[in-house]
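Student: Structure file start.cif (mmCIF, C-alpha atoms, pLDDT in the B column; chains and numbers go by the auth columns) right here:
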data_my_file
loop_
_atom_site.group_PDB
_atom_site.id
_atom_site.type_symbol
_atom_site.label_atom_id
_atom_site.label_comp_id
_atom_site.label_asym_id
_atom_site.label_seq_id
_atom_site.Cartn_x
_atom_site.Cartn_y
_atom_site.Cartn_z
_atom_site.B_iso_or_equiv
_atom_site.auth_seq_id
_atom_site.auth_asym_id
ATOM 1 C CA MET A 1 60.924 109.691 97.619 82.00 1 A
ATOM 2 C CA ASP A 2 61.832 107.938 94.373 90.00 2 A
ATOM 3 C CA PHE A 3 65.490 108.788 93.623 94.00 3 A
ATOM 4 C CA ARG A 4 65.567 107.194 90.169 95.00 4 A
ATOM 5 C CA GLU A 5 66.492 109.286 87.162 96.00 5 A
ATOM 6 C CA LYS A 6 64.791 108.715 83.808 97.00 6 A
ATOM 7 C CA THR A 7 66.761 108.439 80.565 97.00 7 A
ATOM 8 C CA VAL A 8 65.434 110.729 77.829 98.00 8 A
ATOM 9 C CA ASN A 9 68.145 110.232 75.189 98.00 9 A
ATOM 10 C CA LYS A 10 71.440 108.356 74.815 98.00 10 A
ATOM 11 C CA THR A 11 74.229 109.686 72.584 98.00 11 A
ATOM 12 C CA TYR A 12 77.367 107.608 71.971 98.00 12 A
ATOM 13 C CA LEU A 13 80.495 109.766 71.790 98.00 13 A
ATOM 14 C CA TYR A 14 82.934 106.873 71.372 98.00 14 A
ATOM 15 C CA LYS A 15 82.696 103.121 70.823 97.00 15 A
ATOM 16 C CA GLY A 16 85.881 101.204 71.493 96.00 16 A
ATOM 17 C CA LYS A 17 87.315 97.752 72.031 92.00 17 A
ATOM 18 C CA ILE A 18 86.915 97.712 75.830 92.00 18 A
ATOM 19 C CA LEU A 19 84.597 100.628 76.552 96.00 19 A
ATOM 20 C CA ASN A 20 82.037 103.030 75.135 97.00 20 A
ATOM 21 C CA VAL A 21 81.499 106.641 76.199 98.00 21 A
ATOM 22 C CA ARG A 22 77.977 108.003 76.356 98.00 22 A
ATOM 23 C CA LYS A 23 76.251 111.316 77.090 98.00 23 A
ATOM 24 C CA ASP A 24 72.703 110.838 78.332 98.00 24 A
ATOM 25 C CA ASP A 25 70.007 113.457 78.659 98.00 25 A
ATOM 26 C CA ILE A 26 68.004 112.584 81.756 98.00 26 A
ATOM 27 C CA LYS A 27 65.158 113.788 83.890 97.00 27 A
ATOM 28 C CA LEU A 28 65.877 114.189 87.611 97.00 28 A
ATOM 29 C CA PRO A 29 63.422 112.955 90.266 96.00 29 A
ATOM 30 C CA ASP A 30 62.023 116.492 90.519 96.00 30 A
ATOM 31 C CA GLY A 31 61.427 116.577 86.735 95.00 31 A
ATOM 32 C CA LYS A 32 64.288 118.946 85.856 97.00 32 A
ATOM 33 C CA PRO A 33 66.589 118.027 82.931 98.00 33 A
ATOM 34 C CA ALA A 34 70.231 117.092 83.446 98.00 34 A
ATOM 35 C CA VAL A 35 73.108 115.383 81.648 98.00 35 A
ATOM 36 C CA ARG A 36 75.014 112.256 82.678 98.00 36 A
ATOM 37 C CA GLU A 37 78.339 111.241 81.134 97.00 37 A
ATOM 38 C CA LEU A 38 79.211 107.606 81.514 97.00 38 A
ATOM 39 C CA VAL A 39 81.569 104.877 80.472 97.00 39 A
ATOM 40 C CA GLU A 40 80.010 101.566 79.454 96.00 40 A
ATOM 41 C CA HIS A 41 82.209 98.607 80.349 96.00 41 A
ATOM 42 C CA SER A 42 81.388 94.903 80.208 94.00 42 A
ATOM 43 C CA GLY A 43 82.797 94.393 83.690 96.00 43 A
ATOM 44 C CA GLY A 44 85.192 91.797 84.902 97.00 44 A
ATOM 45 C CA SER A 45 86.030 89.148 87.418 98.00 45 A
ATOM 46 C CA ALA A 46 88.804 88.941 89.973 98.00 46 A
ATOM 47 C CA ILE A 47 89.933 86.015 92.054 98.00 47 A
ATOM 48 C CA LEU A 48 91.316 85.609 95.538 98.00 48 A
ATOM 49 C CA CYS A 49 93.706 82.654 95.676 98.00 49 A
ATOM 50 C CA GLU A 50 95.215 81.493 98.953 97.00 50 A
ATOM 51 C CA LYS A 51 97.770 78.784 99.709 96.00 51 A
ATOM 52 C CA ASP A 52 99.759 78.047 102.875 95.00 52 A
ATOM 53 C CA GLY A 53 99.010 81.419 104.489 94.00 53 A
ATOM 54 C CA LYS A 54 99.932 83.330 101.335 97.00 54 A
ATOM 55 C CA ILE A 55 97.819 85.114 98.748 98.00 55 A
ATOM 56 C CA LEU A 56 98.578 85.317 95.050 98.00 56 A
ATOM 57 C CA LEU A 57 99.005 88.794 93.605 98.00 57 A
ATOM 58 C CA VAL A 58 100.258 89.978 90.257 97.00 58 A
ATOM 59 C CA LYS A 59 102.536 92.968 89.713 96.00 59 A
ATOM 60 C CA GLN A 60 102.007 94.867 86.516 95.00 60 A
ATOM 61 C CA PHE A 61 102.488 98.284 85.019 95.00 61 A
ATOM 62 C CA ARG A 62 99.221 100.213 84.716 95.00 62 A
ATOM 63 C CA TYR A 63 99.487 102.891 82.077 95.00 63 A
ATOM 64 C CA PRO A 64 96.824 105.296 83.444 94.00 64 A
ATOM 65 C CA TYR A 65 98.753 105.603 86.715 96.00 65 A
ATOM 66 C CA GLY A 66 102.246 105.291 85.265 97.00 66 A
ATOM 67 C CA GLU A 67 103.322 102.774 87.879 96.00 67 A
ATOM 68 C CA VAL A 68 103.616 99.097 88.710 97.00 68 A
ATOM 69 C CA ILE A 69 100.855 97.996 91.069 97.00 69 A
ATOM 70 C CA TYR A 70 99.821 94.858 92.938 98.00 70 A
ATOM 71 C CA GLU A 71 96.475 93.256 92.097 97.00 71 A
ATOM 72 C CA ILE A 72 94.656 89.991 92.546 98.00 72 A
ATOM 73 C CA PRO A 73 94.349 88.205 89.178 97.00 73 A
ATOM 74 C CA ALA A 74 91.513 89.772 87.196 96.00 74 A
ATOM 75 C CA GLY A 75 90.249 90.376 83.728 95.00 75 A
ATOM 76 C CA LYS A 76 87.519 91.714 81.506 95.00 76 A
ATOM 77 C CA LEU A 77 84.468 89.623 80.734 95.00 77 A
ATOM 78 C CA ASN A 78 84.411 88.417 77.156 91.00 78 A
ATOM 79 C CA GLU A 79 81.072 88.738 75.374 88.00 79 A
ATOM 80 C CA GLY A 80 78.733 86.001 76.597 91.00 80 A
ATOM 81 C CA GLU A 81 81.269 84.659 79.124 93.00 81 A
ATOM 82 C CA ASP A 82 80.143 83.505 82.563 96.00 82 A
ATOM 83 C CA PRO A 83 81.887 85.678 85.201 97.00 83 A
ATOM 84 C CA ALA A 84 82.988 82.577 87.156 97.00 84 A
ATOM 85 C CA GLN A 85 84.725 81.279 84.034 96.00 85 A
ATOM 86 C CA THR A 86 86.444 84.643 83.600 96.00 86 A
ATOM 87 C CA ALA A 87 87.865 84.328 87.131 97.00 87 A
ATOM 88 C CA ILE A 88 89.058 80.758 86.481 96.00 88 A
ATOM 89 C CA ARG A 89 90.598 81.779 83.140 94.00 89 A
ATOM 90 C CA GLU A 90 92.428 84.775 84.592 94.00 90 A
ATOM 91 C CA LEU A 91 93.824 82.773 87.510 96.00 91 A
ATOM 92 C CA GLU A 92 95.376 80.303 85.099 95.00 92 A
ATOM 93 C CA GLU A 93 96.520 82.891 82.535 92.00 93 A
ATOM 94 C CA GLU A 94 98.084 85.314 85.015 92.00 94 A
ATOM 95 C CA GLY A 95 98.943 83.133 87.999 93.00 95 A
ATOM 96 C CA GLY A 96 99.607 79.715 86.547 94.00 96 A
ATOM 97 C CA ILE A 97 97.033 78.214 88.902 95.00 97 A
ATOM 98 C CA ILE A 98 94.041 76.018 88.054 96.00 98 A
ATOM 99 C CA ALA A 99 91.056 76.135 90.406 96.00 99 A
ATOM 100 C CA ASP A 100 88.739 73.131 90.632 94.00 100 A
ATOM 101 C CA LYS A 101 85.938 75.579 91.353 94.00 101 A
ATOM 102 C CA VAL A 102 85.284 79.097 92.552 97.00 102 A
ATOM 103 C CA GLU A 103 82.997 80.598 95.184 97.00 103 A
ATOM 104 C CA LYS A 104 81.381 83.964 94.548 98.00 104 A
ATOM 105 C CA LEU A 105 82.220 86.412 97.332 97.00 105 A
ATOM 106 C CA PHE A 106 80.678 89.729 96.213 96.00 106 A
ATOM 107 C CA ASP A 107 80.341 92.374 93.515 97.00 107 A
ATOM 108 C CA VAL A 108 82.226 95.671 93.550 96.00 108 A
ATOM 109 C CA TYR A 109 81.116 98.881 91.821 97.00 109 A
ATOM 110 C CA PRO A 110 84.540 100.507 91.306 94.00 110 A
ATOM 111 C CA THR A 111 83.328 103.964 90.261 94.00 111 A
ATOM 112 C CA PRO A 112 79.527 104.248 90.496 94.00 112 A
ATOM 113 C CA ALA A 113 79.412 107.930 89.520 94.00 113 A
ATOM 114 C CA TYR A 114 80.364 107.395 85.884 95.00 114 A
ATOM 115 C CA THR A 115 80.827 103.772 84.817 96.00 115 A
ATOM 116 C CA THR A 116 78.629 100.691 84.398 96.00 116 A
ATOM 117 C CA GLU A 117 81.543 98.408 85.312 97.00 117 A
ATOM 118 C CA ILE A 118 80.918 95.693 87.900 97.00 118 A
ATOM 119 C CA ILE A 119 83.790 93.540 89.173 98.00 119 A
ATOM 120 C CA ARG A 120 82.779 90.139 90.486 98.00 120 A
ATOM 121 C CA ILE A 121 85.095 88.818 93.196 98.00 121 A
ATOM 122 C CA TYR A 122 85.569 85.058 93.584 98.00 122 A
ATOM 123 C CA ARG A 123 87.623 82.755 95.794 98.00 123 A
ATOM 124 C CA ALA A 124 89.575 79.849 94.276 97.00 124 A
ATOM 125 C CA VAL A 125 88.850 76.411 95.726 96.00 125 A
ATOM 126 C CA GLY A 126 90.938 73.278 95.122 94.00 126 A
ATOM 127 C CA ILE A 127 93.985 74.745 93.405 95.00 127 A
ATOM 128 C CA ARG A 128 96.898 73.146 91.581 93.00 128 A
ATOM 129 C CA GLU A 129 99.929 74.495 89.758 89.00 129 A
ATOM 130 C CA ALA A 130 99.831 74.990 85.996 85.00 130 A
ATOM 131 C CA LYS A 131 101.657 77.125 83.481 82.00 131 A
ATOM 132 C CA ALA A 132 100.807 80.806 83.145 81.00 132 A
ATOM 133 C CA HIS A 133 100.006 81.931 79.616 79.00 133 A
ATOM 134 C CA LEU A 134 99.714 85.681 79.415 75.00 134 A
ATOM 135 C CA ASP A 135 97.885 87.558 76.701 74.00 135 A
ATOM 136 C CA GLU A 136 100.097 88.894 73.904 79.00 136 A
ATOM 137 C CA ASP A 137 100.056 92.441 75.326 79.00 137 A
ATOM 138 C CA GLU A 138 100.331 91.440 78.990 78.00 138 A
ATOM 139 C CA PHE A 139 103.529 91.747 81.025 87.00 139 A
ATOM 140 C CA LEU A 140 103.276 90.824 84.688 89.00 140 A
ATOM 141 C CA THR A 141 104.743 88.731 87.465 91.00 141 A
ATOM 142 C CA ALA A 142 102.779 86.533 89.873 95.00 142 A
ATOM 143 C CA VAL A 143 103.918 86.587 93.503 96.00 143 A
ATOM 144 C CA TRP A 144 102.761 84.786 96.660 97.00 144 A
ATOM 145 C CA ILE A 145 102.734 87.141 99.652 97.00 145 A
ATOM 146 C CA GLU A 146 102.312 86.245 103.334 96.00 146 A
ATOM 147 C CA LYS A 147 99.018 87.433 104.814 94.00 147 A
ATOM 148 C CA GLU A 148 100.775 89.333 107.608 91.00 148 A
ATOM 149 C CA LYS A 149 102.891 91.244 105.102 96.00 149 A
ATOM 150 C CA LEU A 150 99.756 92.144 103.107 96.00 150 A
ATOM 151 C CA LYS A 151 98.342 93.989 106.123 93.00 151 A
ATOM 152 C CA ASP A 152 101.454 96.180 106.234 95.00 152 A
ATOM 153 C CA MET A 153 101.434 96.687 102.463 97.00 153 A
ATOM 154 C CA ILE A 154 97.854 97.973 102.608 96.00 154 A
ATOM 155 C CA ALA A 155 98.586 100.168 105.642 95.00 155 A
ATOM 156 C CA HIS A 156 101.641 101.707 103.942 96.00 156 A
ATOM 157 C CA GLY A 157 99.958 102.336 100.594 96.00 157 A
ATOM 158 C CA GLU A 158 101.931 99.713 98.686 97.00 158 A
ATOM 159 C CA ILE A 159 98.671 98.129 97.505 97.00 159 A
ATOM 160 C CA LYS A 160 96.410 100.750 95.927 97.00 160 A
ATOM 161 C CA ASP A 161 94.022 98.802 93.711 96.00 161 A
ATOM 162 C CA ALA A 162 90.487 98.999 95.161 96.00 162 A
ATOM 163 C CA LYS A 163 89.267 95.506 94.180 97.00 163 A
ATOM 164 C CA THR A 164 92.444 94.021 95.627 97.00 164 A
ATOM 165 C CA ILE A 165 92.205 95.928 98.913 97.00 165 A
ATOM 166 C CA ILE A 166 88.549 94.902 99.309 96.00 166 A
ATOM 167 C CA ALA A 167 89.298 91.237 98.594 97.00 167 A
ATOM 168 C CA LEU A 168 92.333 91.245 100.895 97.00 168 A
ATOM 169 C CA LEU A 169 90.424 92.871 103.755 95.00 169 A
ATOM 170 C CA TYR A 170 87.837 90.121 103.348 95.00 170 A
ATOM 171 C CA ALA A 171 90.550 87.436 103.410 95.00 171 A
ATOM 172 C CA LEU A 172 92.360 89.004 106.365 93.00 172 A
ATOM 173 C CA LYS A 173 89.282 89.440 108.586 87.00 173 A
#
Could you write out this file's structure as structure tokens?
Tutor:
Amino acid sequence: MDFREKTVNKTYLYKGKILNVRKDDIKLPDGKPAVRELVEHSGGSAILCEKDGKILLVKQFRYPYGEVIYEIPAGKLNEGEDPAQTAIRELEEEGGIIADKVEKLFDVYPTPAYTTEIIRIYRAVGIREAKAHLDEDEFLTAVWIEKEKLKDMIAHGEIKDAKTIIALLYALK
């Protein structure tokens, strides 16, 4: 059976700086009409950075959840930007680390039911210290955490961010 749905019409409800909201009229595989609501997002890149048995995380307040959470350095793709360059840029901006190169690990679909966002996960290779330079509206702290402690933090719900948990489970395997 072909599970693909066919787009009949796209209606933009909102166009913003980092996302657009759309309502699409579609045709289901059986030919019946339906509606899909979705969030268009350019996607982003995240980077796993390891040194001396520790992994770099950033702590920052996330408004939608109303709490400070731990994440691997990550950021939104700028228009026309190569995802690997996004990962390198975010590592330096947020973590104060320069990577000589990055290796692509995998892609993550954070919420496939309603967003087009794809997060590309990379690993930093050949790192050296630099100076962090946060965006004007960014307030965060970079911390190096022992791998063993990260296992406990995940198990006890101290790390809740999906891309971070996936990347850490990969690193801790």
Student: When you look at segment 25-39 of chain A with a cut-off of 12 Å (counting only C-alpha atoms), what residues show up, excluding the ones that are within fewer than 5 positions of it in the same chain? I need them as a list of chain:residue names.
Tutor: A:Met1, A:Asp2, A:Phe3, A:Arg4, A:Glu5, A:Lys6, A:Thr7, A:Val8, A:Asn9, A:Lys10, A:Thr11, A:Tyr12, A:Leu13, A:Tyr14, A:Lys15, A:Gly16, A:Ile18, A:Leu19, A:Asn20, A:Thr111, A:Pro112, A:Ala113, A:Tyr114, A:Thr115, A:Thr116, A:Glu117, A:Ile118
Student: With only C-alpha atoms as the counted atoms, please give the residues lying no more than 8 Å from His133 of chain A, apart from itself and same-chain residues fewer than 3 positions off, as a list of chain:residue names.
Tutor: A:Glu92, A:Glu93, A:Glu94, A:Gly96
Student: Please determine, counting all atoms listed in the file, which residue among A:Asp137, A:Ile47, A:Trp144, A:Leu77 has the shortest atom-to-atom distance to Lys101 of chain A.
Tutor: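 That would be A:Ile47, the residue with the smallest distance to Lys101 of chain A.
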Student: Give me, as a VMD selection string, all polymer residues having an atom no more than 8 Å from Ile145 of chain A, counting all atoms listed in the file and skipping those fewer than 2 positions away in the same chain.
Tutor: chain A and resid 54 to 57 143 147 149 to 150
Student: Export, as a PDB file, in the coordinates of the input, the selected residues with C-alpha atoms.
Tutor:
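Saved to selection-v9.pdb:
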ATOM      1  CA  LYS A  54      99.932  83.330 101.335  1.00 97.00           C
ATOM      2  CA  ILE A  55      97.819  85.114  98.748  1.00 98.00           C
ATOM      3  CA  LEU A  56      98.578  85.317  95.050  1.00 98.00           C
ATOM      4  CA  LEU A  57      99.005  88.794  93.605  1.00 98.00           C
ATOM      5  CA  VAL A 143     103.918  86.587  93.503  1.00 96.00           C
ATOM      6  CA  LYS A 147      99.018  87.433 104.814  1.00 94.00           C
ATOM      7  CA  LYS A 149     102.891  91.244 105.102  1.00 96.00           C
ATOM      8  CA  LEU A 150      99.756  92.144 103.107  1.00 96.00           C
TER       9      LEU A 150
END
Student: For a quick check of understanding, using only C-alpha atoms, which of A:Glu40, A:Asp52, A:Asp24, A:Glu67 has the smallest distance to Ile159 of chain A?
Tutor: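 Looking only at the distances to Ile159 of chain A, the closest residue turns out to be A:Glu67.
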Student: Convert the output of the PyMOL selection byres ((chain A and resi 152-155) around 12) on the shown file into explicit residues, formatted as a list in words.
Tutor: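 That expression, the PyMOL selection byres ((chain A and resi 152-155) around 12), corresponds here to Ile69, Tyr70, Glu71, Ile145, Glu146, Lys147, Glu148, Lys149, Leu150, Lys151, His156, Gly157, Glu158, Ile159, Lys160, Asp161, Ala162, Thr164, Ile165, Ile166, Ala167, Leu168, Leu169 and Leu172 of chain A.
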Student: Go ahead and compute the interatomic distance for atom CA of Glu50 of chain A and atom CA of Ala130 of chain A, in Å to one decimal.
Tutor: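 A separation of 15.2 Å between them.
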Student: Show me, as lines of an AutoDock Vina configuration file, the centre and edge lengths in Å to one decimal of the axis-aligned box that covers every listed atom of segment 85-94 of chain A with 6 Å on each side.
Tutor:
center_x = 91.4
center_y = 82.8
center_z = 85.0
size_x = 25.4
size_y = 17.0
size_z = 17.0
Student: Atom CA of Cys49 of chain A and atom CA of Tyr63 of chain A are how many Å apart?
Tutor: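 Calculated distance between atom CA of Cys49 of chain A and atom CA of Tyr63 of chain A is 25.1 Å.
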Student: For atom CA of Asp100 of chain A and atom CA of His41 of chain A, quote the distance in Å rounded to one decimal.
Tutor: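 A separation of 28.2 Å between them.
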Student: Find, counting only C-alpha atoms, the residue in A:Lys163, A:Glu129, A:Ser45, A:Ala74 that gets nearest to Lys104 of chain A.
Tutor: A:Ser45
Student: Applying 7 Å and all atoms listed in the file, which residues near Tyr122 of chain A remain after dropping the ones on its own chain fewer than 5 positions away? List them as a PDB file with C-alpha atoms, in the coordinates of the input.
Tutor:
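So part_11.pdb came out as:
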ATOM      1  CA  ALA A  46      88.804  88.941  89.973  1.00 98.00           C
ATOM      2  CA  ILE A  47      89.933  86.015  92.054  1.00 98.00           C
ATOM      3  CA  LEU A  48      91.316  85.609  95.538  1.00 98.00           C
ATOM      4  CA  ALA A  87      87.865  84.328  87.131  1.00 97.00           C
ATOM      5  CA  VAL A 102      85.284  79.097  92.552  1.00 97.00           C
ATOM      6  CA  GLU A 103      82.997  80.598  95.184  1.00 97.00           C
ATOM      7  CA  LYS A 104      81.381  83.964  94.548  1.00 98.00           C
ATOM      8  CA  LEU A 105      82.220  86.412  97.332  1.00 97.00           C
TER       9      LEU A 105
END
Student: Show me, as a tab-separated table (two decimals) with C-alpha atoms, keeping the file's coordinate frame, the residues that have an atom within 6 Å of Leu91 of chain A when counting only C-alpha atoms, minus same-chain residues fewer than 4 positions from it.
Tutor:
chain	number	residue	atom	x	y	z
A	73	PRO	CA	94.35	88.20	89.18
A	95	GLY	CA	98.94	83.13	88.00
A	97	ILE	CA	97.03	78.21	88.90
Student: List, as a ChimeraX atom specification, every residue that the PyMOL selection byres ((chain A and resi 140) around 7) selects in the file provided.
Tutor: /A:58-60,138-139,141-142
Student: Nearest to Gly80 of chain A: which of A:Gly126, A:Pro64, A:Gly53, A:Gly43 is it, counting only C-alpha atoms?
Tutor: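 Selected residue with least distance to Gly80 of chain A: A:Gly43.
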